[in-house]
Amino acid sequence: MWLYALRRLLLTIPILLGVTIICFALVKLAPGDPIQNLVRPETPPEEVAKLRAYYGLDQPVVIQYFVWLWRVLCGDLGRSIANNALVSEEVVRAFLNTLNIALISVVIAFVASMALGIIAATRQGGAVDKLVTAIAVFGISVPTFWLAVVLVIFFAVNLNWLPATGMGADGSHGFNYFDWNDFKFAVMPIIALALPPLGIMTRTTRSALSEVLNQDFIQTLRAKGLSEGRIIVHAVRNIMPGATAMLGLQLGYLIGGSVLVETVFTWPGTGFLLNKAILTRDIPLLQGTILVLATVFVLINLVVDLAQSMIDPRIKRI
Amino acid sequence: MKVSRMRGMFTAAAIAVLSGIGMASPASAETVLRVAMTAADIPDWTGAPDQGYEGYRFAGYTMYDALALWDLSSSDKAADIVPGLATSWEVDPADPLTWTFKLREGVTFHDGCPWNADSAIWNFERVKNSTSPQFNARHAGMQGWAVGALAGYEKVDDYTIKLKTTVPASMLPYSMAMLYMISNCGVTKLDNNYEKYAERPAGTGPYMFDKLVPHERLELVKNPNYWNPARVPKHDRLVLLPMPEASTRAAALLSGQVDFVEAPSPDTIPALKNAGMQIVTVPYPHNWDYLLRVDKGPFSDIRVRKAANMSINRQDVADMLQGVAVPAYNTLIESQPWYGSPPIYEYDTEGARKLLEEAGCLPCKVKIGISTSGSGQMQPLPMNELVKEQMDEAGFEVELVPMDWNALIAVFFQGSEASGFDGINFSMAPIDASQGVVNKWWSQMAPPNCCNWGFYKNEEVDKLALAAMAEFDTAKRDAILTEMNNKVMADAPELFIVHDLNPRALSPKLSGFVQAQSWFQDLTPIVVNR
């Protein structure tokens, strides 16, 4: 298995290279320019040219890419064009902000979806099943930005229970997830993030468990006199590899794809950072963020693969 | 039993939650003004703001001063410049290329360093001389435009400097209002390390840097020793929060998280008013219009340009925006001295169609570049759809090409010729005669030099531009600029639509704010009542 893990890690390198090349090319192909975003229209062309040279943007695109790549290999993600800050610091800070709420969201979604999925699968066709299915469909269908705005209107504006935006008085510096005065800022982003994976995982759990419960060995267990509770434990163990894979995918999705939720809540995570970097064509920041996210996504998938084989010995990773 | 235990747990949780919410921030004597900006990020705070004039508004004139400053004390007239770190300036009557600036004495930077002629010269070198140790390429790129007309500068004595321009530049003091002076000895002590300097920047402005959480908040505190006692802030702390989503800004104000919101969306204004918020609006130099390509294509015919202007029901556009805009017939607003007497294009669909027929352009196909959002672009999608509908009704066939704001900026920089568009919807800020009249219409200012996007050229106008630049008497120069603007407006080189009224929403606990007719605002008089 360790050999498998090493091989997968080595395979990460071409994946990351591919991701950065595609990202770099897309930004370069898109119209727009980071320098023009910075300067006033009255800026003389020679001053614009100087600034472009200062950031190395006067070089051919291929050279720009390899200069960036060489710096990355030397451990330097460069500086943001927009605010001159170190990209590494920017990305790490944003990543931690996103990771925390993504982890909490995915754990909530996983636990709730397992519970709902089991309840629905064991009461197929009944009212409870229909209710759970409705919840799942709602979770899958509802646009997160809409949900986010509705949550803000309801809980922040109308009820004034929760803050509408940001991370509190000190921002992400010193944010304490174990202090309610800080954590309350994370509640609505967590709910908005948790709902789509909750819907997806509930449906997956329900259908996978329904299938397992119809298999012959379940009849055998019943014939042996096992209680329904014990039977469900056996059935759930059978669906765990699939559920774990889904969990990993959803975590990756939440870490990389929370642009809309983070924008509505002004939550300073990677989604917010990516959005800003794209709009301002801040290539070093964009590349750095994408690189970190791609690495994390690949690693999560690797961990999930390894976890699957530990949960289910039938799945061998060699 | 189980049910009652669960109910008990819920009750306990609810009490915990509610008591947590009830734990408001500890009582403090400090008064704090929290502002939600439309910017997606904290503007550069080191003395060279980015993110358009919103950056200048919040991270520029708060912490820094320039030789000249904008007088933002009145809502009744367009803002003009007044002495700042310079107490007076005059051009040499014998040599129109040489200016003398007398500097203000007794001013210190926030880090205690004195302001004097050495500071001024050091700051010019910072953005102008690439061989000086303090040269900052980034600052030069961002603020180099303000010193573009300068050929040289020298210290005369501790509080007098001389500036040389390359050509007669009667509007130089306006440019000098856009170059912030940062602490020279502060940067020198750090061995010209601007990354270190960014951790504790120092200007001479009414607010001092206190702390920054990147991308999240910039906190400034009152400068009790500000050289102009009338502008010492009437609150202790100013917190600036980037909040690009209009609905988030409105929600943050309604839920008490901020006190002052920039540009609430028109849809949210009734709800904000119902909740007791103060909505303030005032005309200011911000026109929402179409820049037209006038050297080639359909708009090279003045009849087509006039037809476009006649096809617009401007009041409809203003009404759609719930009254936060007013009809426009000029790049400038009426309170600006060079407004003149532009032709008023009444809404006349039939008249417009007739003109298009005469011009042999019916249906008249035009391609317009628009952005989906962006600084000063107001509500670009619904507004452009309404404009297209009105133009199409008069005989145009408008093709709207949407793109993101950065892409449209690139289209603006490259100019109409290279862009392939007949027009673009690009808001501009004609804050002074240079930006509002000369740079827009003088043919020398066509891209890549500056802002005459549509390659408008009128020899009489060009002569007047040169005359205005060489006229140092303000009244006479204003008369020349008015004549120039009148000639330009008669040529209808733009499709004038509306002027933004710059809505802002303020918490009822704020008082004292005077909204200036300007892109810049003075927050210092705001009182945060308890």
# chains A, B, ... in the order shown; residues from 1 in each chain; ligands from 1
call {"tool": "interface_residues", "arguments": {"of": "chain B", "to": "chain A", "cutoff": "8 Å", "atoms": "only C-alpha atoms", "output": "MDAnalysis selection string"}}
result
chainID B and resid 17:18 20:21 23 40:41 43:44 50:52 137:138 140:146 148 213 215:217 243:245 247:248 251:252 254:255 257 404:410 413 439 448:451
call {"tool": "select_by_dssp", "arguments": {"residues": "segment 92-270 of chain B", "states": "strand (DSSP E)", "output": "count of residues only"}}
result
46
call {"tool": "atom_distance", "arguments": {"atom1": "atom CA of Ser341 of chain B", "atom2": "atom CA of Asn486 of chain B"}}
result
6.3 Å
call {"tool": "residues_around", "arguments": {"residues": "Leu272 of chain B", "least_positions_apart": "4", "cutoff": "9 Å", "atoms": "only C-alpha atoms", "output": "list of chain:residue names"}}
result
B:Ala250, B:Leu253, B:Leu254, B:Pro264, B:Thr268, B:Gly276, B:Met277, B:Gln278, B:Ile279, B:Ala505
call {"tool": "atom_distance", "arguments": {"atom1": "atom CA of Ser210 of chain A", "atom2": "atom CA of Ile231 of chain A"}}
result
12.6 Å
call {"tool": "residues_around", "arguments": {"residues": "Pro525 of chain B", "least_positions_apart": "2", "cutoff": "9 Å", "atoms": "only C-alpha atoms", "output": "number ranges by chain"}}
result
B: 230-235, 511-514, 522-523, 527
call {"tool": "select_by_dssp", "arguments": {"residues": "segment 115-169 of chain B", "states": "helix (DSSP H, G or I)", "output": "number ranges by chain"}}
result
B: 117-128, 137-147
call {"tool": "residues_around", "arguments": {"residues": "segment 137-146 of chain A", "least_positions_apart": "2", "cutoff": "7 Å", "atoms": "only C-alpha atoms", "output": "JSON, numbers by chain"}}
result
{"A": [133, 134, 135, 148, 149, 150, 192, 195, 196, 198, 199, 200, 260, 261, 264]}
call {"tool": "write_last_selection", "arguments": {"atoms": "all heavy atoms", "output": "tab-separated table (two decimals), in the first residue's frame"}}
result
chain	number	residue	atom	x	y	z
A	133	THR	N	-36.25	12.58	1.27
A	133	THR	CA	-35.96	12.80	-0.14
A	133	THR	C	-36.17	14.26	-0.51
A	133	THR	O	-35.37	14.85	-1.26
A	133	THR	CB	-36.87	11.90	-1.01
A	133	THR	OG1	-36.70	10.56	-0.57
A	133	THR	CG2	-36.49	11.99	-2.48
A	134	ALA	N	-37.23	14.86	0.04
A	134	ALA	CA	-37.48	16.28	-0.25
A	134	ALA	C	-36.33	17.14	0.27
A	134	ALA	O	-35.87	18.07	-0.42
A	134	ALA	CB	-38.80	16.70	0.39
A	135	ILE	N	-35.86	16.82	1.49
A	135	ILE	CA	-34.73	17.59	2.05
A	135	ILE	C	-33.51	17.45	1.15
A	135	ILE	O	-32.81	18.42	0.84
A	135	ILE	CB	-34.41	17.10	3.49
A	135	ILE	CG1	-35.56	17.45	4.43
A	135	ILE	CG2	-33.10	17.71	3.99
A	135	ILE	CD1	-35.45	16.81	5.81
A	148	ALA	N	-27.65	31.61	0.86
A	148	ALA	CA	-26.84	32.48	1.72
A	148	ALA	C	-27.55	33.81	1.95
A	148	ALA	O	-27.64	34.30	3.08
A	148	ALA	CB	-25.47	32.71	1.07
A	149	VAL	N	-28.09	34.38	0.88
A	149	VAL	CA	-28.78	35.67	1.02
A	149	VAL	C	-30.02	35.52	1.88
A	149	VAL	O	-30.30	36.36	2.76
A	149	VAL	CB	-29.13	36.23	-0.39
A	149	VAL	CG1	-30.03	37.46	-0.25
A	149	VAL	CG2	-27.87	36.60	-1.15
A	150	VAL	N	-30.76	34.42	1.69
A	150	VAL	CA	-31.97	34.20	2.49
A	150	VAL	C	-31.61	34.03	3.98
A	150	VAL	O	-32.27	34.60	4.87
A	150	VAL	CB	-32.75	32.97	1.98
A	150	VAL	CG1	-33.85	32.56	2.94
A	150	VAL	CG2	-33.35	33.27	0.60
A	192	ALA	N	-24.74	27.30	4.90
A	192	ALA	CA	-24.86	27.43	3.44
A	192	ALA	C	-23.94	26.44	2.72
A	192	ALA	O	-24.30	25.91	1.67
A	192	ALA	CB	-24.53	28.86	3.03
A	195	LEU	N	-25.32	22.46	3.19
A	195	LEU	CA	-26.57	21.96	2.60
A	195	LEU	C	-26.39	21.16	1.30
A	195	LEU	O	-26.96	20.06	1.18
A	195	LEU	CB	-27.57	23.10	2.41
A	195	LEU	CG	-29.02	22.63	2.35
A	195	LEU	CD1	-29.45	21.92	3.62
A	195	LEU	CD2	-29.95	23.79	2.04
A	196	PRO	N	-25.63	21.66	0.31
A	196	PRO	CA	-25.49	20.85	-0.92
A	196	PRO	C	-24.88	19.47	-0.69
A	196	PRO	O	-25.44	18.46	-1.14
A	196	PRO	CB	-24.63	21.72	-1.83
A	196	PRO	CG	-24.80	23.11	-1.32
A	196	PRO	CD	-24.99	22.98	0.15
A	198	LEU	N	-24.94	17.81	2.01
A	198	LEU	CA	-25.93	17.06	2.79
A	198	LEU	C	-26.94	16.40	1.84
A	198	LEU	O	-27.26	15.22	1.97
A	198	LEU	CB	-26.64	18.01	3.76
A	198	LEU	CG	-27.86	17.44	4.49
A	198	LEU	CD1	-27.43	16.43	5.54
A	198	LEU	CD2	-28.69	18.53	5.14
A	199	GLY	N	-27.42	17.17	0.87
A	199	GLY	CA	-28.38	16.63	-0.08
A	199	GLY	C	-27.79	15.49	-0.90
A	199	GLY	O	-28.40	14.41	-1.03
A	200	ILE	N	-26.60	15.73	-1.42
A	200	ILE	CA	-25.97	14.71	-2.29
A	200	ILE	C	-25.70	13.43	-1.49
A	200	ILE	O	-26.03	12.32	-1.93
A	200	ILE	CB	-24.66	15.28	-2.88
A	200	ILE	CG1	-24.98	16.42	-3.84
A	200	ILE	CG2	-23.86	14.18	-3.59
A	200	ILE	CD1	-23.80	17.24	-4.26
A	260	LEU	N	-18.99	31.56	-4.13
A	260	LEU	CA	-20.23	32.33	-3.97
A	260	LEU	C	-20.56	32.57	-2.50
A	260	LEU	O	-20.89	33.67	-2.09
A	260	LEU	CB	-21.39	31.62	-4.68
A	260	LEU	CG	-21.23	31.52	-6.20
A	260	LEU	CD1	-22.29	30.61	-6.79
A	260	LEU	CD2	-21.31	32.89	-6.83
A	261	VAL	N	-20.46	31.49	-1.72
A	261	VAL	CA	-20.80	31.62	-0.29
A	261	VAL	C	-19.84	32.60	0.38
A	261	VAL	O	-20.25	33.48	1.14
A	261	VAL	CB	-20.74	30.23	0.39
A	261	VAL	CG1	-20.82	30.38	1.90
A	261	VAL	CG2	-21.88	29.36	-0.11
A	264	VAL	N	-20.70	36.23	-0.58
A	264	VAL	CA	-21.89	36.78	0.08
A	264	VAL	C	-21.58	37.11	1.55
A	264	VAL	O	-21.96	38.16	2.05
A	264	VAL	CB	-23.07	35.79	0.00
A	264	VAL	CG1	-24.23	36.26	0.87
A	264	VAL	CG2	-23.54	35.66	-1.45
call {"tool": "residues_around", "arguments": {"residues": "Ile104 of chain A", "least_positions_apart": "3", "cutoff": "10 Å", "atoms": "only C-alpha atoms", "output": "number ranges by chain"}}
result
A: 99-101, 107-110, 186-187, 190-191, 193-194, 251
call {"tool": "write_last_selection", "arguments": {"atoms": "N, CA and C atoms", "output": "mmCIF file, in the first residue's frame"}}
result
data_model
loop_
_atom_site.group_PDB
_atom_site.id
_atom_site.type_symbol
_atom_site.label_atom_id
_atom_site.label_comp_id
_atom_site.auth_asym_id
_atom_site.auth_seq_id
_atom_site.Cartn_x
_atom_site.Cartn_y
_atom_site.Cartn_z
ATOM 1 N N LEU A 99 -10.650 26.040 5.162
ATOM 2 C CA LEU A 99 -10.552 24.654 5.634
ATOM 3 C C LEU A 99 -11.411 24.451 6.885
ATOM 4 N N ASN A 100 -11.328 25.403 7.809
ATOM 5 C CA ASN A 100 -12.060 25.247 9.060
ATOM 6 C C ASN A 100 -13.558 25.120 8.837
ATOM 7 N N ILE A 101 -14.110 26.050 8.048
ATOM 8 C CA ILE A 101 -15.572 25.961 7.876
ATOM 9 C C ILE A 101 -15.930 24.794 6.956
ATOM 10 N N VAL A 107 -18.403 17.580 8.035
ATOM 11 C CA VAL A 107 -18.691 16.642 9.135
ATOM 12 C C VAL A 107 -20.189 16.679 9.452
ATOM 13 N N ILE A 108 -20.727 17.904 9.542
ATOM 14 C CA ILE A 108 -22.172 18.030 9.806
ATOM 15 C C ILE A 108 -22.955 17.329 8.691
ATOM 16 N N ALA A 109 -22.559 17.616 7.444
ATOM 17 C CA ALA A 109 -23.282 17.046 6.300
ATOM 18 C C ALA A 109 -23.172 15.524 6.314
ATOM 19 N N PHE A 110 -21.994 15.008 6.657
ATOM 20 C CA PHE A 110 -21.781 13.563 6.638
ATOM 21 C C PHE A 110 -22.638 12.874 7.708
ATOM 22 N N ALA A 186 -19.315 32.319 11.852
ATOM 23 C CA ALA A 186 -19.120 31.183 10.938
ATOM 24 C C ALA A 186 -20.393 30.369 10.749
ATOM 25 N N VAL A 187 -21.414 30.619 11.578
ATOM 26 C CA VAL A 187 -22.585 29.731 11.569
ATOM 27 C C VAL A 187 -23.282 29.713 10.208
ATOM 28 N N ILE A 190 -21.323 28.143 7.373
ATOM 29 C CA ILE A 190 -21.273 26.681 7.532
ATOM 30 C C ILE A 190 -22.586 26.045 7.055
ATOM 31 N N ILE A 191 -23.712 26.657 7.440
ATOM 32 C CA ILE A 191 -25.006 26.098 7.013
ATOM 33 C C ILE A 191 -25.109 26.136 5.485
ATOM 34 N N LEU A 193 -22.780 26.197 3.315
ATOM 35 C CA LEU A 193 -21.853 25.248 2.685
ATOM 36 C C LEU A 193 -22.292 23.805 2.882
ATOM 37 N N ALA A 194 -22.910 23.531 4.021
ATOM 38 C CA ALA A 194 -23.221 22.124 4.361
ATOM 39 C C ALA A 194 -24.411 21.580 3.577
ATOM 40 N N LEU A 251 -15.519 17.304 0.401
ATOM 41 C CA LEU A 251 -14.578 18.167 1.120
ATOM 42 C C LEU A 251 -13.741 18.952 0.102
#
call {"tool": "residues_around", "arguments": {"residues": "Pro343 of chain B", "least_positions_apart": "2", "cutoff": "9 Å", "atoms": "only C-alpha atoms", "output": "list in words"}}
result
Tyr329, Asn330, Ser341, Tyr345, Asn486, Met489, Ala490 and Ala492 of chain B
call {"tool": "atom_distance", "arguments": {"atom1": "atom CA of Thr202 of chain A", "atom2": "atom CA of Gly117 of chain A"}}
result
4.9 Å
